[in-house]
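Quick notes on the structure that follows.
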Amino acid sequence: LIKQGVEVYLGDNSVTIRSDLYRNMISQSEAKVFIGMNIINAMDSGDGLRLVLENIRGKKAKTRRREEVTVDVLVSTARVPVIDLAAQLGAPIVYAPELGGLVPRRGFTGDLGLGYAYVVGDAGGLLPESLVIKQAKIAALSISAREGLISRDILDKELAEFKRDSVITNSSYYNVILRFEQGLQSSGYYPEPNVTYTPMWAVAGTIEDIEDALKSANKQYLCLCEDVSLGDVLEAVKVLMHDEKLRIKILHGEEEAYKSIRLPSMERIKRVVGLGTGPCQGKFCLLSTNLILSFIYQKKPRELGIPRIRFPESPIPMATLAGGE
């Protein structure tokens, strides 16, 4: 987008940027940055989308600071499935187990159908890792084509290639997005289906996917704040289970015995490896770790649970949540 001459604002609600690579990329770009700020309000102002941002207050930032910016397009990106911003903007929320559960309804370009909002990566539901960068490029080309910066033919060519890669990488993902675009997916909130052995997020995966993930477990970081890898979490599960071996492949007739095995809770895992104790307080790692462990061990996410969230040192005034002063 920057190469096309688009003015870009980069927002990040992390209080500090812990990654040197991320920091260097930001400094080399021409993006305007809002670090340590949350979007507390977003509305269509007629001449664009007006965003109200407020800083995260704590020991280092005790005074409230607000910024307002009007943009033509808003792109939401995240490493875990989140529907907060899409729901705040009024995008339809649908239930798609192949994408992780409740996700915003969107197209292959990430367009939410609102005219000014896109989702990229897991912000639109679980997305195969190999497709994240490609989908981000498609979203950028879609915005550029809409603004008349490139021809529609360029977008169509890249979009056709992205769809082909989607079919090859994960046909379930492709079919879900195709249903979204054709209007065949109804919106609404639904309870978790009565799945006996396999969690709903595992529908799009296979045993081979799990085995491939385990081969590089020590290189897959779940908590970037505390440098906790998937390998660390799996080792913690092993220790807490007193070295009881948990198998991935369950043979016919062994289902009931495996179903009776109880995994350690996320609270206990957190206490062993420090997961979710960094600056983000688990916003980016607790949910994804729960889903990944559920996927690997073929358990329901609620069996693992989520650690107890403690009260913040500086509580949020009720007036702020109500929209007042």
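Ordered as shown in the structure tokens, chains take letters A, B, and onward, while each chain numbers its residues from 1 and ligands are numbered from 1 in the order shown.
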*Per DSSP on the backbone, what are the alpha helix (DSSP H) residues of stretch 21-163 of chain A, as a PyMOL selection string?*
chain A and resi 21-28+84-88+129-146+152-163
*Can you tell me how far atom CA of A:Leu74 sits from atom CA of A:Leu149, in Å to one decimal?*
17.2 Å
*Name the residues in contact with A:Cys223 at a cut-off of 8 Å, using only C-alpha atoms, excluding same-chain residues fewer than 3 positions from it; report them as a PyMOL selection string.*
chain A and resi 226-229+275-276+282+284-285
Between stretch 19-131 of chain A and stretch 170-179 of chain A, at 12 Å or less, what are the per-residue closest atom pairs and their distances in Å? Count only C-alpha atoms, order by chain and rising residue number, and return it as a tab-separated table.
residue	atom	partner	partner_atom	distance
A:Val94	CA	A:Val176	CA	10.9
A:Tyr95	CA	A:Val176	CA	10.4
A:Ala96	CA	A:Val176	CA	7.4
A:Pro97	CA	A:Val176	CA	9.4
A:Glu98	CA	A:Tyr173	CA	6.6
A:Leu99	CA	A:Tyr173	CA	7.0
A:Gly100	CA	A:Tyr173	CA	10.6
A:Gly101	CA	A:Val176	CA	11.8
A:Val103	CA	A:Ile177	CA	11.0
A:Pro104	CA	A:Ile177	CA	10.7
A:Arg105	CA	A:Ile177	CA	8.2
A:Arg106	CA	A:Ile177	CA	7.1
A:Gly107	CA	A:Ile177	CA	6.0
A:Phe108	CA	A:Ile177	CA	6.3
A:Thr109	CA	A:Ile177	CA	9.9
A:Gly110	CA	A:Ile177	CA	9.6
A:Asp111	CA	A:Ile177	CA	11.2
A:Leu112	CA	A:Ile177	CA	11.6
A:Gly124	CA	A:Ile177	CA	10.1
A:Gly125	CA	A:Tyr173	CA	9.5
A:Leu126	CA	A:Tyr173	CA	8.6
A:Leu127	CA	A:Tyr173	CA	7.5
A:Pro128	CA	A:Asn170	CA	7.4
A:Glu129	CA	A:Asn170	CA	10.8
A:Ser130	CA	A:Asn170	CA	10.4
A:Leu131	CA	A:Asn170	CA	9.8
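Proximity to A:Gly48 was assessed for A:Ile35, A:Val273, A:Gln4, A:Ala117 counting only C-alpha atoms; the smallest distance is recorded for A:Ala117.
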_Which residue of A:Ala236, A:Cys225, A:Val8, A:Ile93 approaches A:Phe180 most closely, using only C-alpha atoms_ =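 When distances to A:Phe180 are compared using only C-alpha atoms, the smallest one comes from A:Ile93.
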*Write down as a PyMOL selection string the residues of stretch 29-190 of chain A whose backbone DSSP state falls under strand (DSSP E).*
chain A and resi 32-35+37-44+49-55+66-71+74-78+93-96+101-104+117-121
May I have the selected residues written with C-alpha atoms, as a PDB file, in the first residue's frame?
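As written to disk, part.pdb reads:
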ATOM      1  CA  LYS A  32       2.424   6.497  10.938  1.00  0.00           C
ATOM      2  CA  VAL A  33       2.395   4.496  14.141  1.00  0.00           C
ATOM      3  CA  PHE A  34       0.044   4.402  17.126  1.00  0.00           C
ATOM      4  CA  ILE A  35       1.725   2.177  19.708  1.00  0.00           C
ATOM      5  CA  MET A  37      -3.395   2.417  21.911  1.00  0.00           C
ATOM      6  CA  ASN A  38      -6.783   0.728  21.571  1.00  0.00           C
ATOM      7  CA  ILE A  39      -9.605   1.626  19.200  1.00  0.00           C
ATOM      8  CA  ILE A  40     -12.419   2.596  21.559  1.00  0.00           C
ATOM      9  CA  ASN A  41     -14.813   3.886  18.915  1.00  0.00           C
ATOM     10  CA  ALA A  42     -15.226   3.524  15.159  1.00  0.00           C
ATOM     11  CA  MET A  43     -17.981   5.041  13.063  1.00  0.00           C
ATOM     12  CA  ASP A  44     -18.715   6.027   9.483  1.00  0.00           C
ATOM     13  CA  LEU A  49     -14.166   5.899   8.950  1.00  0.00           C
ATOM     14  CA  ARG A  50     -13.488   7.932  12.093  1.00  0.00           C
ATOM     15  CA  LEU A  51     -11.412   6.090  14.676  1.00  0.00           C
ATOM     16  CA  VAL A  52     -10.971   7.170  18.277  1.00  0.00           C
ATOM     17  CA  LEU A  53      -7.868   5.712  19.921  1.00  0.00           C
ATOM     18  CA  GLU A  54      -6.984   5.783  23.602  1.00  0.00           C
ATOM     19  CA  ASN A  55      -3.694   4.833  25.205  1.00  0.00           C
ATOM     20  CA  ARG A  66      -6.741  10.220  22.931  1.00  0.00           C
ATOM     21  CA  GLU A  67      -6.147  10.459  19.208  1.00  0.00           C
ATOM     22  CA  GLU A  68      -8.669  10.740  16.389  1.00  0.00           C
ATOM     23  CA  VAL A  69      -7.960   9.786  12.806  1.00  0.00           C
ATOM     24  CA  THR A  70     -10.215   9.443   9.764  1.00  0.00           C
ATOM     25  CA  VAL A  71      -9.328   6.711   7.292  1.00  0.00           C
ATOM     26  CA  LEU A  74      -9.394  -0.195   7.980  1.00  0.00           C
ATOM     27  CA  VAL A  75      -7.513  -3.521   7.911  1.00  0.00           C
ATOM     28  CA  SER A  76      -7.593  -5.752  10.993  1.00  0.00           C
ATOM     29  CA  THR A  77      -4.790  -8.285  11.443  1.00  0.00           C
ATOM     30  CA  ALA A  78      -4.101 -10.673  14.302  1.00  0.00           C
ATOM     31  CA  ILE A  93     -20.568 -12.769  12.548  1.00  0.00           C
ATOM     32  CA  VAL A  94     -21.050 -16.365  11.420  1.00  0.00           C
ATOM     33  CA  TYR A  95     -20.272 -19.795  12.780  1.00  0.00           C
ATOM     34  CA  ALA A  96     -17.690 -21.709  10.711  1.00  0.00           C
ATOM     35  CA  GLY A 101     -15.760 -21.027  15.345  1.00  0.00           C
ATOM     36  CA  LEU A 102     -17.247 -17.531  15.277  1.00  0.00           C
ATOM     37  CA  VAL A 103     -15.667 -15.429  12.525  1.00  0.00           C
ATOM     38  CA  PRO A 104     -16.597 -12.342  10.501  1.00  0.00           C
ATOM     39  CA  ALA A 117     -13.030  -2.702   6.357  1.00  0.00           C
ATOM     40  CA  TYR A 118     -10.869  -5.747   5.663  1.00  0.00           C
ATOM     41  CA  VAL A 119      -9.488  -8.594   7.751  1.00  0.00           C
ATOM     42  CA  VAL A 120      -6.122 -10.242   7.132  1.00  0.00           C
ATOM     43  CA  GLY A 121      -4.684 -13.431   8.582  1.00  0.00           C
TER      44      GLY A 121
END
*Skip A:Arg271 itself and residues of its chain fewer than 5 positions away, then list as number ranges by chain all residues within 12 Å of it, counting only C-alpha atoms.*
A: 233, 236-237, 240, 264-266, 276-277, 307-308
Please save N, CA, C and O atoms of the selected residues as an mmCIF file, in the first residue's frame.
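What ended up in part_13.cif:
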data_model
loop_
_atom_site.group_PDB
_atom_site.id
_atom_site.type_symbol
_atom_site.label_atom_id
_atom_site.label_comp_id
_atom_site.auth_asym_id
_atom_site.auth_seq_id
_atom_site.Cartn_x
_atom_site.Cartn_y
_atom_site.Cartn_z
ATOM 1 N N VAL A 233 5.476 -25.991 25.845
ATOM 2 C CA VAL A 233 4.137 -26.298 26.349
ATOM 3 C C VAL A 233 3.899 -27.809 26.360
ATOM 4 O O VAL A 233 3.362 -28.361 27.332
ATOM 5 N N ALA A 236 5.662 -29.305 29.206
ATOM 6 C CA ALA A 236 4.953 -29.025 30.454
ATOM 7 C C ALA A 236 3.772 -29.976 30.633
ATOM 8 O O ALA A 236 3.517 -30.469 31.738
ATOM 9 N N VAL A 237 3.054 -30.232 29.543
ATOM 10 C CA VAL A 237 1.938 -31.184 29.609
ATOM 11 C C VAL A 237 2.448 -32.559 30.013
ATOM 12 O O VAL A 237 1.852 -33.248 30.854
ATOM 13 N N LEU A 240 3.294 -32.511 33.757
ATOM 14 C CA LEU A 240 2.086 -32.460 34.581
ATOM 15 C C LEU A 240 1.276 -33.752 34.501
ATOM 16 O O LEU A 240 0.498 -34.056 35.407
ATOM 17 N N PRO A 264 -3.945 -31.455 31.743
ATOM 18 C CA PRO A 264 -3.811 -30.384 32.738
ATOM 19 C C PRO A 264 -4.460 -29.104 32.226
ATOM 20 O O PRO A 264 -4.498 -28.851 31.023
ATOM 21 N N SER A 265 -4.977 -28.322 33.129
ATOM 22 C CA SER A 265 -5.655 -27.091 32.737
ATOM 23 C C SER A 265 -4.647 -26.057 32.248
ATOM 24 O O SER A 265 -3.446 -26.140 32.525
ATOM 25 N N MET A 266 -5.151 -25.066 31.521
ATOM 26 C CA MET A 266 -4.293 -23.983 31.045
ATOM 27 C C MET A 266 -3.698 -23.203 32.216
ATOM 28 O O MET A 266 -2.601 -22.657 32.114
ATOM 29 N N GLY A 276 1.503 -16.400 28.999
ATOM 30 C CA GLY A 276 0.493 -15.395 29.300
ATOM 31 C C GLY A 276 0.833 -14.461 30.439
ATOM 32 O O GLY A 276 -0.040 -13.754 30.942
ATOM 33 N N THR A 277 2.105 -14.435 30.866
ATOM 34 C CA THR A 277 2.493 -13.564 31.982
ATOM 35 C C THR A 277 3.290 -12.352 31.520
ATOM 36 O O THR A 277 3.827 -11.619 32.340
ATOM 37 N N PRO A 307 -6.880 -19.649 31.799
ATOM 38 C CA PRO A 307 -6.459 -19.213 33.139
ATOM 39 C C PRO A 307 -7.321 -18.072 33.670
ATOM 40 O O PRO A 307 -7.880 -17.285 32.898
ATOM 41 N N ARG A 308 -7.406 -18.000 34.972
ATOM 42 C CA ARG A 308 -8.177 -16.926 35.605
ATOM 43 C C ARG A 308 -7.525 -15.581 35.295
ATOM 44 O O ARG A 308 -6.318 -15.405 35.455
#
*Fewer than 3 positions away in the same chain doesn't count, so skip those; otherwise give me all residues within 12 Å of A:Glu303, counting only C-alpha atoms, as a PyMOL selection string.*
chain A and resi 197+199+259-267+290-291+293-294+297-300+306
Expected file contents, prior selection, N, CA, C and O atoms, as a PDB file, in the first residue's frame:
ATOM      1  N   TYR A 197     -15.079 -36.682  19.977  1.00  0.00           N
ATOM      2  CA  TYR A 197     -13.650 -36.851  20.229  1.00  0.00           C
ATOM      3  C   TYR A 197     -12.785 -35.748  19.629  1.00  0.00           C
ATOM      4  O   TYR A 197     -11.720 -35.451  20.131  1.00  0.00           O
ATOM      5  N   PRO A 199     -12.111 -31.831  18.432  1.00  0.00           N
ATOM      6  CA  PRO A 199     -12.603 -30.461  18.603  1.00  0.00           C
ATOM      7  C   PRO A 199     -13.013 -29.854  17.275  1.00  0.00           C
ATOM      8  O   PRO A 199     -12.533 -30.259  16.221  1.00  0.00           O
ATOM      9  N   LYS A 259     -10.799 -40.919  25.923  1.00  0.00           N
ATOM     10  CA  LYS A 259     -11.702 -39.836  26.311  1.00  0.00           C
ATOM     11  C   LYS A 259     -11.642 -39.573  27.813  1.00  0.00           C
ATOM     12  O   LYS A 259     -11.824 -38.441  28.275  1.00  0.00           O
ATOM     13  N   SER A 260     -11.363 -40.608  28.593  1.00  0.00           N
ATOM     14  CA  SER A 260     -11.333 -40.466  30.052  1.00  0.00           C
ATOM     15  C   SER A 260     -10.070 -39.769  30.554  1.00  0.00           C
ATOM     16  O   SER A 260     -10.008 -39.335  31.696  1.00  0.00           O
ATOM     17  N   ILE A 261      -9.046 -39.657  29.701  1.00  0.00           N
ATOM     18  CA  ILE A 261      -7.804 -38.988  30.103  1.00  0.00           C
ATOM     19  C   ILE A 261      -8.050 -37.488  30.200  1.00  0.00           C
ATOM     20  O   ILE A 261      -8.601 -36.879  29.285  1.00  0.00           O
ATOM     21  N   ARG A 262      -7.648 -36.887  31.292  1.00  0.00           N
ATOM     22  CA  ARG A 262      -7.840 -35.455  31.497  1.00  0.00           C
ATOM     23  C   ARG A 262      -6.506 -34.729  31.362  1.00  0.00           C
ATOM     24  O   ARG A 262      -5.536 -35.058  32.049  1.00  0.00           O
ATOM     25  N   LEU A 263      -6.471 -33.754  30.479  1.00  0.00           N
ATOM     26  CA  LEU A 263      -5.266 -32.950  30.306  1.00  0.00           C
ATOM     27  C   LEU A 263      -5.159 -31.924  31.429  1.00  0.00           C
ATOM     28  O   LEU A 263      -6.178 -31.527  32.015  1.00  0.00           O
ATOM     29  N   PRO A 264      -3.945 -31.455  31.743  1.00  0.00           N
ATOM     30  CA  PRO A 264      -3.811 -30.384  32.738  1.00  0.00           C
ATOM     31  C   PRO A 264      -4.460 -29.104  32.226  1.00  0.00           C
ATOM     32  O   PRO A 264      -4.498 -28.851  31.023  1.00  0.00           O
ATOM     33  N   SER A 265      -4.977 -28.322  33.129  1.00  0.00           N
ATOM     34  CA  SER A 265      -5.655 -27.091  32.737  1.00  0.00           C
ATOM     35  C   SER A 265      -4.647 -26.057  32.248  1.00  0.00           C
ATOM     36  O   SER A 265      -3.446 -26.140  32.525  1.00  0.00           O
ATOM     37  N   MET A 266      -5.151 -25.066  31.521  1.00  0.00           N
ATOM     38  CA  MET A 266      -4.293 -23.983  31.045  1.00  0.00           C
ATOM     39  C   MET A 266      -3.698 -23.203  32.216  1.00  0.00           C
ATOM     40  O   MET A 266      -2.601 -22.657  32.114  1.00  0.00           O
ATOM     41  N   GLU A 267      -4.407 -23.153  33.337  1.00  0.00           N
ATOM     42  CA  GLU A 267      -3.888 -22.470  34.526  1.00  0.00           C
ATOM     43  C   GLU A 267      -2.609 -23.145  35.011  1.00  0.00           C
ATOM     44  O   GLU A 267      -1.615 -22.478  35.330  1.00  0.00           O
ATOM     45  N   ASN A 290      -4.709 -22.839  23.665  1.00  0.00           N
ATOM     46  CA  ASN A 290      -5.840 -23.717  23.968  1.00  0.00           C
ATOM     47  C   ASN A 290      -6.293 -24.460  22.709  1.00  0.00           C
ATOM     48  O   ASN A 290      -6.491 -25.680  22.723  1.00  0.00           O
ATOM     49  N   LEU A 291      -6.433 -23.733  21.613  1.00  0.00           N
ATOM     50  CA  LEU A 291      -6.905 -24.350  20.371  1.00  0.00           C
ATOM     51  C   LEU A 291      -5.891 -25.348  19.819  1.00  0.00           C
ATOM     52  O   LEU A 291      -6.255 -26.418  19.324  1.00  0.00           O
ATOM     53  N   LEU A 293      -3.543 -27.077  21.496  1.00  0.00           N
ATOM     54  CA  LEU A 293      -3.507 -28.284  22.318  1.00  0.00           C
ATOM     55  C   LEU A 293      -4.762 -29.135  22.095  1.00  0.00           C
ATOM     56  O   LEU A 293      -4.696 -30.366  22.075  1.00  0.00           O
ATOM     57  N   SER A 294      -5.898 -28.474  21.920  1.00  0.00           N
ATOM     58  CA  SER A 294      -7.132 -29.208  21.634  1.00  0.00           C
ATOM     59  C   SER A 294      -7.009 -29.953  20.312  1.00  0.00           C
ATOM     60  O   SER A 294      -7.459 -31.092  20.170  1.00  0.00           O
ATOM     61  N   TYR A 297      -4.291 -32.946  20.819  1.00  0.00           N
ATOM     62  CA  TYR A 297      -4.713 -34.055  21.672  1.00  0.00           C
ATOM     63  C   TYR A 297      -6.168 -34.474  21.455  1.00  0.00           C
ATOM     64  O   TYR A 297      -6.681 -35.322  22.175  1.00  0.00           O
ATOM     65  N   GLN A 298      -6.829 -33.841  20.456  1.00  0.00           N
ATOM     66  CA  GLN A 298      -8.196 -34.210  20.094  1.00  0.00           C
ATOM     67  C   GLN A 298      -9.143 -34.132  21.295  1.00  0.00           C
ATOM     68  O   GLN A 298      -9.882 -35.071  21.605  1.00  0.00           O
ATOM     69  N   LYS A 299      -9.063 -33.006  21.979  1.00  0.00           N
ATOM     70  CA  LYS A 299      -9.926 -32.739  23.124  1.00  0.00           C
ATOM     71  C   LYS A 299     -10.749 -31.484  22.857  1.00  0.00           C
ATOM     72  O   LYS A 299     -10.404 -30.662  22.006  1.00  0.00           O
ATOM     73  N   LYS A 300     -11.814 -31.322  23.592  1.00  0.00           N
ATOM     74  CA  LYS A 300     -12.594 -30.098  23.470  1.00  0.00           C
ATOM     75  C   LYS A 300     -11.879 -28.959  24.198  1.00  0.00           C
ATOM     76  O   LYS A 300     -11.316 -29.164  25.275  1.00  0.00           O
ATOM     77  N   ILE A 306      -9.371 -21.690  30.306  1.00  0.00           N
ATOM     78  CA  ILE A 306      -8.533 -20.497  30.184  1.00  0.00           C
ATOM     79  C   ILE A 306      -8.139 -20.061  31.594  1.00  0.00           C
ATOM     80  O   ILE A 306      -8.965 -20.104  32.508  1.00  0.00           O
TER      81      ILE A 306
END
*Of the candidates A:Ser144, A:Gln135, A:Ser27, A:Ser216, which one gets nearest to A:Leu234 if we count only C-alpha atoms?*
A:Ser216
*Find the distance between atom CA of A:Leu114 and atom CA of A:Ala91 and write it in Å to one decimal.*
7.0 Å
*asked:* Please report the interatomic distance between atom CA of A:Ile269 and atom CA of A:Gly305 in Å with one decimal.
replied: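 Computing it gives 10.8 Å between the two atoms.
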